[in-house]
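Q: Just dropping this structure here.
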Amino acid sequence: MNGIESAVFDLDADRHARAQGRMLDIHRDSGQAALHAAGLHEQFRAKVHPGGEALRVLDKHAHVLLEEKGFLAHRGTDGSLHVYAALRAAEDWLSTIDFTDTDAAKAALSNHFTDWASGLRNLIVDADGELIPRLIHALPVGHRWERVPGVTLLGDAAHLMSPFAGEGANLAMIDGADLGQALAAHPGNTEAALSAYEATLFERSEKSARESAQSLETVFNDRAPQPLVDMFASFAA
Ligand SMILES: Cc1cc2nc3c(=O)[nH]c(=O)nc-3n(C[C@H](O)[C@H](O)[C@H](O)COP(=O)(O)OP(=O)(O)OC[C@H]3O[C@@H](n4cnc5c(N)ncnc54)[C@H](O)[C@@H]3O)c2cc1C
């Protein structure tokens, strides 16, 4: 782009190499801004799932606490439901479960939700397909580095955070757009481009990392899901 040669190197053979996630919000000021910069926003509009933001918050007895815009499990355009069961546990807890034995893994996971409504627990027990275990890692809020000539980072490599702010993919996209634009704006001076890019990157990622850390506390609060309901209610006020 902009007459600048680029090469992409990726460890994965193709986009089917790993299990993919499902829907995510592409935010106007980050992910969508990157799509505009790449001239891809029209193609994006043709693919989006209208109404995909509709959401309900239920308590563990499956009572609806809030029905506004949004929902916790992701519904796919093909009618499938993509469910995340998340819990705080010791770091090695995942290694105590054999995820290649799907029935045993479902039993071990659903044991953590025995006091939950059966309809919710059955989202685990009756799930089609295997369970995919994922640890959640995060870099410290405000993580930054000294400039290293010729090298920079973007996306999760620069600002890994929990997915509870729904920002990771959006940030990776706007980082890429900003980096490309900085390189285009400083022809022949890569160091000036990388310095300008990193100044924007650090400020933006610190803000999102803080929001993500706060959202994590909101979701895994002793009073959960009330703080989450309060948060959505404050948006509606
Ligand atoms: C459960 C879950 C839910 C999420 N939900 C959301 C959401 O709702 N909204 C949102 O915005 N974000 C969400 N995210 C975060 C989002 O998926 C990431 O932030 C985003 O994918 C980061 O993009 P990236 O390009 O930086 O890294 P990645 O997508 O991880 O891409 C890194 C690439 O580098 C390649 N690679 C690795 N090592 C090498 C190597 N040695 N040589 C060459 N290539 C290599 C990998 O194959 C991979 O293709 C979620 C994440 C998780 C785990």
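How things are named: the first chain in the structure tokens is A, the next is B, and so on; residues count from 1 in each chain; ligands count from 1 in the order shown.
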Identify, counting only C-alpha atoms and all ligand atoms, the protein, DNA and RNA residues located within 10 Å of ligand 1, and give them as a PyMOL selection string.

A: chain A and resi 8-15+17-18+20-27+30-31+74+83-86+132-137+153-173+175-176

Q: For the residues in that selection, give me C-alpha atoms as a PDB file, in the first residue's frame.

A:
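Now in part37.pdb:
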```pdb
ATOM      1  CA  VAL A   8       3.584 -11.252   5.586  1.00  0.00           C
ATOM      2  CA  PHE A   9       5.151 -14.146   7.504  1.00  0.00           C
ATOM      3  CA  ASP A  10       2.796 -16.292   9.592  1.00  0.00           C
ATOM      4  CA  LEU A  11       3.362 -19.536  11.458  1.00  0.00           C
ATOM      5  CA  ASP A  12      -0.142 -20.782  10.631  1.00  0.00           C
ATOM      6  CA  ALA A  13      -0.488 -22.474   7.229  1.00  0.00           C
ATOM      7  CA  ASP A  14      -3.859 -20.818   6.622  1.00  0.00           C
ATOM      8  CA  ARG A  15      -6.849 -19.307   8.418  1.00  0.00           C
ATOM      9  CA  ALA A  17      -5.106 -23.838  11.146  1.00  0.00           C
ATOM     10  CA  ARG A  18      -6.604 -22.993  14.548  1.00  0.00           C
ATOM     11  CA  GLN A  20     -11.589 -19.592  15.372  1.00  0.00           C
ATOM     12  CA  GLY A  21     -13.733 -17.488  17.670  1.00  0.00           C
ATOM     13  CA  ARG A  22     -17.107 -16.155  16.558  1.00  0.00           C
ATOM     14  CA  MET A  23     -18.681 -12.728  16.581  1.00  0.00           C
ATOM     15  CA  LEU A  24     -16.933  -9.667  17.923  1.00  0.00           C
ATOM     16  CA  ASP A  25     -17.772  -6.000  18.011  1.00  0.00           C
ATOM     17  CA  ILE A  26     -15.769  -3.959  15.541  1.00  0.00           C
ATOM     18  CA  HIS A  27     -15.733  -0.520  17.150  1.00  0.00           C
ATOM     19  CA  SER A  30     -10.714   1.610  16.134  1.00  0.00           C
ATOM     20  CA  GLY A  31     -11.549  -1.509  14.109  1.00  0.00           C
ATOM     21  CA  HIS A  74     -22.414 -15.313  20.979  1.00  0.00           C
ATOM     22  CA  VAL A  83     -20.580 -20.148  24.711  1.00  0.00           C
ATOM     23  CA  TYR A  84     -17.700 -19.129  26.958  1.00  0.00           C
ATOM     24  CA  ALA A  85     -17.667 -20.604  30.483  1.00  0.00           C
ATOM     25  CA  ALA A  86     -15.131 -18.621  32.471  1.00  0.00           C
ATOM     26  CA  ILE A 132     -11.394 -25.443  23.922  1.00  0.00           C
ATOM     27  CA  PRO A 133      -9.395 -24.502  27.050  1.00  0.00           C
ATOM     28  CA  ARG A 134      -7.889 -21.013  27.134  1.00  0.00           C
ATOM     29  CA  LEU A 135      -5.869 -19.308  29.841  1.00  0.00           C
ATOM     30  CA  ILE A 136      -6.357 -15.565  30.011  1.00  0.00           C
ATOM     31  CA  HIS A 137      -3.089 -13.624  30.132  1.00  0.00           C
ATOM     32  CA  LEU A 153       5.195  -4.434  18.176  1.00  0.00           C
ATOM     33  CA  LEU A 154       1.481  -4.276  17.561  1.00  0.00           C
ATOM     34  CA  GLY A 155      -1.674  -6.103  18.582  1.00  0.00           C
ATOM     35  CA  ASP A 156      -1.532  -8.602  21.426  1.00  0.00           C
ATOM     36  CA  ALA A 157       2.280  -8.652  21.305  1.00  0.00           C
ATOM     37  CA  ALA A 158       2.224  -4.977  22.375  1.00  0.00           C
ATOM     38  CA  HIS A 159      -0.683  -4.936  24.823  1.00  0.00           C
ATOM     39  CA  LEU A 160      -2.093  -8.371  25.634  1.00  0.00           C
ATOM     40  CA  MET A 161      -5.171  -7.945  27.842  1.00  0.00           C
ATOM     41  CA  SER A 162      -8.172  -9.969  29.001  1.00  0.00           C
ATOM     42  CA  PRO A 163     -10.976 -10.139  26.414  1.00  0.00           C
ATOM     43  CA  PHE A 164     -13.459  -8.493  28.791  1.00  0.00           C
ATOM     44  CA  ALA A 165     -13.263  -5.068  27.160  1.00  0.00           C
ATOM     45  CA  GLY A 166     -13.772  -6.585  23.684  1.00  0.00           C
ATOM     46  CA  GLU A 167     -10.879  -4.488  22.406  1.00  0.00           C
ATOM     47  CA  GLY A 168      -8.035  -6.848  21.427  1.00  0.00           C
ATOM     48  CA  ALA A 169      -8.922  -7.368  17.775  1.00  0.00           C
ATOM     49  CA  ASN A 170      -9.967  -3.733  17.396  1.00  0.00           C
ATOM     50  CA  LEU A 171      -6.647  -2.533  18.792  1.00  0.00           C
ATOM     51  CA  ALA A 172      -4.669  -4.925  16.575  1.00  0.00           C
ATOM     52  CA  MET A 173      -6.484  -3.490  13.540  1.00  0.00           C
ATOM     53  CA  ASP A 175      -2.389  -0.464  15.407  1.00  0.00           C
ATOM     54  CA  GLY A 176      -1.795  -1.915  11.936  1.00  0.00           C
TER      55      GLY A 176
END
```

Q: Quick check for you: according to DSSP on this backbone, which residues of range 65-236 of chain A are classed as alpha helix (DSSP H)? Reply as a PyMOL selection string.

A: chain A and resi 102-110+118-125+156-159+168-185+190-219+226-236

Q: Would you work out the distance separating CA of Arg204 in chain A from CA of Pro149 in chain A, expressed in Å to one decimal?

A: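 Between CA of Arg204 in chain A and CA of Pro149 in chain A the gap is 21.7 Å.
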
Q: Near range 183-199 of chain A, within 9 Å and counting only C-alpha atoms, which residues show up once chain neighbours fewer than 4 positions away are dropped, as a list in words?

A: Met1, Asn2, Gly3, Ile4, Arg144, Arg147, Pro149, Gly150, Val151, Thr152, Leu153, Asp175, Asp178, Leu179, Glu203 and Arg204 of chain A

Q: So how far away is CA of Ile174 in chain A from CA of Ala33 in chain A, in Å?

A: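 CA of Ala33 in chain A sits 6.9 Å away from CA of Ile174 in chain A.
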